[in-house]
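Trainee: Sharing start.pdb (PDB, C-alpha atoms, pLDDT in the B column) below.
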```pdb
MODEL        1
ATOM      1  CA  MET P   1      -1.931  13.949 -11.384  1.00 90.00           C
ATOM      2  CA  LEU P   2       0.624  11.630  -9.720  1.00 94.00           C
ATOM      3  CA  GLU P   3       3.378  13.394  -7.782  1.00 94.00           C
ATOM      4  CA  SER P   4       5.779  10.582  -6.952  1.00 95.00           C
ATOM      5  CA  LEU P   5       6.112   6.973  -5.962  1.00 97.00           C
ATOM      6  CA  ASP P   6       4.868   6.740  -2.379  1.00 96.00           C
ATOM      7  CA  HIS P   7       5.672   3.112  -1.684  1.00 97.00           C
ATOM      8  CA  THR P   8       5.934  -0.380  -3.046  1.00 98.00           C
ATOM      9  CA  ALA P   9       4.182  -2.985  -0.911  1.00 98.00           C
ATOM     10  CA  VAL P  10       5.326  -6.543  -0.362  1.00 98.00           C
ATOM     11  CA  ALA P  11       2.954  -9.089   1.172  1.00 98.00           C
ATOM     12  CA  VAL P  12       4.671 -11.220   3.798  1.00 98.00           C
ATOM     13  CA  PRO P  13       3.491 -13.815   6.315  1.00 98.00           C
ATOM     14  CA  SER P  14       5.340 -12.100   9.179  1.00 97.00           C
ATOM     15  CA  ILE P  15       6.685  -8.564   9.567  1.00 98.00           C
ATOM     16  CA  ASP P  16       9.228  -9.615  12.193  1.00 97.00           C
ATOM     17  CA  GLU P  17      10.634 -12.445  10.068  1.00 97.00           C
ATOM     18  CA  SER P  18      10.790 -10.202   6.981  1.00 98.00           C
ATOM     19  CA  LEU P  19      12.613  -7.458   8.882  1.00 98.00           C
ATOM     20  CA  ARG P  20      15.478  -9.876   9.397  1.00 97.00           C
ATOM     21  CA  PHE P  21      16.179  -9.476   5.682  1.00 98.00           C
ATOM     22  CA  TYR P  22      15.054  -5.953   4.801  1.00 98.00           C
ATOM     23  CA  ARG P  23      16.347  -4.249   7.953  1.00 97.00           C
ATOM     24  CA  ASP P  24      19.144  -6.507   9.157  1.00 97.00           C
ATOM     25  CA  VAL P  25      20.629  -7.592   5.812  1.00 98.00           C
ATOM     26  CA  LEU P  26      19.730  -4.748   3.420  1.00 97.00           C
ATOM     27  CA  GLY P  27      20.054  -2.051   6.080  1.00 97.00           C
ATOM     28  CA  LEU P  28      16.710  -0.333   5.480  1.00 97.00           C
ATOM     29  CA  VAL P  29      15.467   1.768   8.399  1.00 97.00           C
ATOM     30  CA  VAL P  30      11.990   1.164   9.812  1.00 97.00           C
ATOM     31  CA  ALA P  31      10.255   4.556   9.629  1.00 96.00           C
ATOM     32  CA  HIS P  32       6.856   3.482  10.974  1.00 96.00           C
ATOM     33  CA  ARG P  33       4.966   0.414  12.073  1.00 97.00           C
ATOM     34  CA  GLU P  34       1.206   0.226  12.529  1.00 96.00           C
ATOM     35  CA  THR P  35      -1.768  -2.117  12.659  1.00 96.00           C
ATOM     36  CA  VAL P  36      -4.447  -1.041  10.175  1.00 93.00           C
ATOM     37  CA  ARG P  37      -7.460  -3.000  11.366  1.00 92.00           C
ATOM     38  CA  ASP P  38      -9.793  -1.630   8.655  1.00 88.00           C
ATOM     39  CA  GLN P  39      -7.571  -3.217   6.027  1.00 89.00           C
ATOM     40  CA  GLY P  40      -6.736  -6.315   8.077  1.00 95.00           C
ATOM     41  CA  VAL P  41      -2.975  -5.798   8.031  1.00 96.00           C
ATOM     42  CA  GLU P  42       0.030  -5.056  10.106  1.00 97.00           C
ATOM     43  CA  ALA P  43       2.288  -2.732   8.130  1.00 97.00           C
ATOM     44  CA  ALA P  44       5.855  -1.522   8.395  1.00 98.00           C
ATOM     45  CA  LEU P  45       7.279   1.317   6.299  1.00 97.00           C
ATOM     46  CA  LEU P  46      10.988   1.182   5.589  1.00 98.00           C
ATOM     47  CA  ASP P  47      12.786   4.222   4.240  1.00 96.00           C
ATOM     48  CA  ILE P  48      14.413   3.971   0.836  1.00 95.00           C
ATOM     49  CA  GLY P  49      15.321   7.327  -0.703  1.00 93.00           C
ATOM     50  CA  ASP P  50      12.266   9.581  -0.951  1.00 91.00           C
ATOM     51  CA  SER P  51       9.972   6.562  -0.966  1.00 94.00           C
ATOM     52  CA  HIS P  52       9.187   3.555   1.194  1.00 96.00           C
ATOM     53  CA  LEU P  53       9.039  -0.177   1.035  1.00 98.00           C
ATOM     54  CA  GLU P  54       5.888  -1.284   2.851  1.00 98.00           C
ATOM     55  CA  LEU P  55       5.736  -4.755   4.327  1.00 98.00           C
ATOM     56  CA  ILE P  56       2.171  -5.938   4.905  1.00 98.00           C
ATOM     57  CA  ALA P  57       1.164  -9.028   6.859  1.00 98.00           C
ATOM     58  CA  PRO P  58      -2.390 -10.275   7.387  1.00 98.00           C
ATOM     59  CA  LEU P  59      -4.081  -9.963  10.771  1.00 97.00           C
ATOM     60  CA  GLY P  60      -6.132 -13.086  10.116  1.00 96.00           C
ATOM     61  CA  PRO P  61      -6.964 -15.774   7.548  1.00 95.00           C
ATOM     62  CA  ASP P  62     -10.027 -13.970   6.147  1.00 95.00           C
ATOM     63  CA  THR P  63      -8.228 -10.818   4.996  1.00 96.00           C
ATOM     64  CA  GLY P  64      -7.332  -9.771   1.478  1.00 94.00           C
ATOM     65  CA  VAL P  65      -3.609 -10.091   2.141  1.00 97.00           C
ATOM     66  CA  ALA P  66      -4.093 -13.589   3.614  1.00 97.00           C
ATOM     67  CA  ARG P  67      -5.951 -14.620   0.450  1.00 97.00           C
ATOM     68  CA  PHE P  68      -3.191 -13.046  -1.668  1.00 96.00           C
ATOM     69  CA  LEU P  69      -0.522 -15.026   0.220  1.00 98.00           C
ATOM     70  CA  ALA P  70      -2.527 -18.265  -0.083  1.00 97.00           C
ATOM     71  CA  GLN P  71      -2.919 -17.829  -3.848  1.00 97.00           C
ATOM     72  CA  ARG P  72       0.423 -16.289  -4.818  1.00 96.00           C
ATOM     73  CA  GLY P  73       2.764 -16.572  -1.851  1.00 97.00           C
ATOM     74  CA  PRO P  74       4.897 -13.714  -0.553  1.00 98.00           C
ATOM     75  CA  GLY P  75       5.800 -11.004  -3.026  1.00 98.00           C
ATOM     76  CA  LEU P  76       4.905  -7.743  -4.690  1.00 97.00           C
ATOM     77  CA  HIS P  77       1.387  -6.753  -3.638  1.00 97.00           C
ATOM     78  CA  HIS P  78       0.863  -3.209  -4.953  1.00 98.00           C
ATOM     79  CA  VAL P  79       2.484   0.022  -6.081  1.00 98.00           C
ATOM     80  CA  ALA P  80       1.352   3.323  -4.535  1.00 98.00           C
ATOM     81  CA  TYR P  81       1.569   6.835  -5.948  1.00 98.00           C
ATOM     82  CA  ARG P  82       1.409  10.069  -3.944  1.00 97.00           C
ATOM     83  CA  VAL P  83      -1.182  12.693  -4.908  1.00 97.00           C
ATOM     84  CA  ARG P  84      -2.169  16.103  -3.518  1.00 96.00           C
ATOM     85  CA  ASP P  85      -5.961  15.784  -3.861  1.00 96.00           C
ATOM     86  CA  ILE P  86      -7.182  12.210  -3.832  1.00 97.00           C
ATOM     87  CA  GLU P  87     -10.827  13.127  -4.427  1.00 97.00           C
ATOM     88  CA  ALA P  88      -9.946  15.100  -7.565  1.00 97.00           C
ATOM     89  CA  VAL P  89      -7.777  12.226  -8.808  1.00 97.00           C
ATOM     90  CA  LEU P  90     -10.546   9.687  -8.183  1.00 98.00           C
ATOM     91  CA  ALA P  91     -13.045  11.909 -10.026  1.00 97.00           C
ATOM     92  CA  SER P  92     -10.676  12.254 -12.971  1.00 97.00           C
ATOM     93  CA  LEU P  93      -9.974   8.517 -13.115  1.00 98.00           C
ATOM     94  CA  SER P  94     -13.666   7.678 -12.865  1.00 97.00           C
ATOM     95  CA  ALA P  95     -14.485  10.147 -15.658  1.00 97.00           C
ATOM     96  CA  ALA P  96     -11.825   8.457 -17.790  1.00 97.00           C
ATOM     97  CA  GLY P  97     -13.532   5.093 -17.251  1.00 97.00           C
ATOM     98  CA  VAL P  98     -10.859   3.621 -14.983  1.00 98.00           C
ATOM     99  CA  ARG P  99     -12.196   0.752 -12.884  1.00 97.00           C
ATOM    100  CA  LEU P 100     -11.865   1.668  -9.202  1.00 98.00           C
ATOM    101  CA  ILE P 101     -11.916  -0.610  -6.189  1.00 97.00           C
ATOM    102  CA  ASP P 102     -12.500   2.404  -3.937  1.00 97.00           C
ATOM    103  CA  GLU P 103     -14.759   5.152  -5.231  1.00 95.00           C
ATOM    104  CA  ARG P 104     -14.121   7.138  -2.038  1.00 96.00           C
ATOM    105  CA  PRO P 105     -10.911   7.348  -0.021  1.00 97.00           C
ATOM    106  CA  ARG P 106     -10.424   5.301   3.112  1.00 94.00           C
ATOM    107  CA  THR P 107      -7.958   5.758   5.939  1.00 93.00           C
ATOM    108  CA  GLY P 108      -4.524   4.230   5.451  1.00 92.00           C
ATOM    109  CA  ILE P 109      -1.304   4.057   7.396  1.00 92.00           C
ATOM    110  CA  ARG P 110      -0.224   7.184   9.307  1.00 92.00           C
ATOM    111  CA  GLY P 111      -3.651   8.774   8.789  1.00 92.00           C
ATOM    112  CA  SER P 112      -3.244   9.015   5.024  1.00 94.00           C
ATOM    113  CA  ARG P 113      -6.215   8.871   2.658  1.00 96.00           C
ATOM    114  CA  VAL P 114      -5.950   5.999   0.178  1.00 97.00           C
ATOM    115  CA  ALA P 115      -7.871   4.376  -2.669  1.00 98.00           C
ATOM    116  CA  PHE P 116      -7.126   1.392  -4.865  1.00 97.00           C
ATOM    117  CA  LEU P 117      -7.496   1.021  -8.618  1.00 98.00           C
ATOM    118  CA  HIS P 118      -8.513  -2.374  -9.985  1.00 97.00           C
ATOM    119  CA  PRO P 119      -5.624  -4.350 -11.527  1.00 97.00           C
ATOM    120  CA  SER P 120      -7.694  -4.882 -14.685  1.00 97.00           C
ATOM    121  CA  ALA P 121      -7.386  -1.142 -15.350  1.00 96.00           C
ATOM    122  CA  THR P 122      -3.656  -0.920 -14.655  1.00 96.00           C
ATOM    123  CA  GLY P 123      -2.027  -3.697 -16.626  1.00 96.00           C
ATOM    124  CA  GLY P 124      -2.452  -6.273 -13.878  1.00 96.00           C
ATOM    125  CA  VAL P 125      -0.836  -4.228 -11.098  1.00 96.00           C
ATOM    126  CA  LEU P 126      -2.868  -3.419  -7.997  1.00 97.00           C
ATOM    127  CA  THR P 127      -2.390   0.338  -7.731  1.00 98.00           C
ATOM    128  CA  GLU P 128      -2.954   2.574  -4.734  1.00 98.00           C
ATOM    129  CA  ILE P 129      -3.151   6.338  -4.686  1.00 98.00           C
ATOM    130  CA  VAL P 130      -2.171   8.044  -1.448  1.00 97.00           C
ATOM    131  CA  GLU P 131      -2.842  11.516  -0.132  1.00 97.00           C
ATOM    132  CA  PRO P 132      -0.527  11.778   2.895  1.00 95.00           C
ATOM    133  CA  ALA P 133      -1.874  13.265   6.099  1.00 93.00           C
ATOM    134  CA  HIS P 134      -0.931  16.924   6.320  1.00 77.00           C
ATOM    135  CA  HIS P 135       1.356  16.383   9.300  1.00 52.00           C
ATOM    136  CA  GLN P 136       3.685  14.016   7.412  1.00 49.00           C
TER
ENDMDL
END
```
Please go through the file and, once you have read it, give me the structure as structure tokens.
Mentor:
Amino acid sequence: MLESLDHTAVAVPSIDESLRFYRDVLGLVVAHRETVRDQGVEAALLDIGDSHLELIAPLGPDTGVARFLAQRGPGLHHVAYRVRDIEAVLASLSAAGVRLIDERPRTGIRGSRVAFLHPSATGGVLTEIVEPAHHQ
């Protein structure tokens, strides 16, 4: 069902400030940067092996990531797994009784299709499944 780790996301107050560490100190290469208005975030993907580290910063105070930062501070936000057919995976998870945040995929970074699983179903970890856009 899950092909590989797609990315690990870290919530940060500022992408630019965080890049001073991840890019300038650790040497990770920024592969892509995008504003995802539907999710209320600015995101940067940094290459690390066959996966990515995703930095996400809120676009405003009323977004999910802003609330996360206010409650928990900067840190691990979610883990994302790559899949080939997100609709089939969602159907399988739903049939197994897994609590879903998204019953249908939404558009994510780089035109991917994404859906989140509720942390109560995944041992407390917000989990995202990602079907990359075909051109990636």
Trainee: So what does the PyMOL selection byres ((chain P and resi 55) around 7) actually pick up in this one, as an mmCIF file with C-alpha atoms, keeping the file's coordinate frame?
Mentor:
```cif
data_model
loop_
_atom_site.group_PDB
_atom_site.id
_atom_site.type_symbol
_atom_site.label_atom_id
_atom_site.label_comp_id
_atom_site.auth_asym_id
_atom_site.auth_seq_id
_atom_site.Cartn_x
_atom_site.Cartn_y
_atom_site.Cartn_z
ATOM 1 C CA ALA P 9 4.182 -2.985 -0.911
ATOM 2 C CA VAL P 10 5.326 -6.543 -0.362
ATOM 3 C CA ALA P 11 2.954 -9.089 1.172
ATOM 4 C CA VAL P 12 4.671 -11.220 3.798
ATOM 5 C CA ILE P 15 6.685 -8.564 9.567
ATOM 6 C CA ALA P 43 2.288 -2.732 8.130
ATOM 7 C CA ALA P 44 5.855 -1.522 8.395
ATOM 8 C CA LEU P 45 7.279 1.317 6.299
ATOM 9 C CA LEU P 53 9.039 -0.177 1.035
ATOM 10 C CA GLU P 54 5.888 -1.284 2.851
ATOM 11 C CA ILE P 56 2.171 -5.938 4.905
ATOM 12 C CA ALA P 57 1.164 -9.028 6.859
#
```
Trainee: Expand the PyMOL selection byres ((chain P and resi 39) around 12) into the explicit residue set it covers here, and present it as a list of chain:residue names.
Mentor: P:Glu34, P:Thr35, P:Val36, P:Arg37, P:Asp38, P:Gly40, P:Val41, P:Glu42, P:Ala43, P:Ile56, P:Ala57, P:Pro58, P:Leu59, P:Gly60, P:Asp62, P:Thr63, P:Gly64, P:Val65, P:Ala66, P:Arg106, P:Thr107, P:Gly108, P:Ile109, P:Val114, P:Ala115, P:Phe116
Trainee: What's the separation between atom CA of Ala31 of chain P and atom CA of Arg72 of chain P, in Å to one decimal place?
Mentor: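 So the two atoms, atom CA of Ala31 of chain P and atom CA of Arg72 of chain P, lie 27.2 Å apart.
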Trainee: Compare P:Pro13, P:Ala121, P:Thr8, P:Arg33 by their minimum atom-to-atom distance to Ala96 of chain P, counting only C-alpha atoms, and give me the closest one.
Mentor: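 The answer is P:Ala121, which sits nearest to Ala96 of chain P.
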Trainee: In terms of the shortest atom-to-atom distance over all atoms listed in the file, which of P:Val79, P:Pro74, P:Arg67, P:Thr127 is closest to Arg99 of chain P?
Mentor: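 Among the listed residues, P:Thr127 lies closest to Arg99 of chain P.
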Trainee: Can you list, as a list of chain:residue names, the residues that the PyMOL selection byres ((chain P and resi 6) around 6) selects here?
Mentor: P:Leu5, P:His7, P:Ser51, P:Ala80, P:Tyr81, P:Arg82
Trainee: Work out how far atom CA of Gln71 of chain P is from atom CA of Gly124 of chain P, in Å to one decimal.
Mentor: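 Rounded to one decimal, the two atoms are 15.3 Å apart.
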Trainee: Excluding Ser120 of chain P and any residue of its chain fewer than 5 positions from it, enumerate the residues within 12 Å of it, using all atoms listed in the file, and give them as a PyMOL selection string.
Mentor: chain P and resi 97-101+125-127
Trainee: Determine the nearest neighbour of Leu26 of chain P from the options P:Ile48, P:Glu131, P:Leu117, P:Gly73, counting only C-alpha atoms.
Mentor: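 With only C-alpha atoms as the atom set, the closest residue is P:Ile48.
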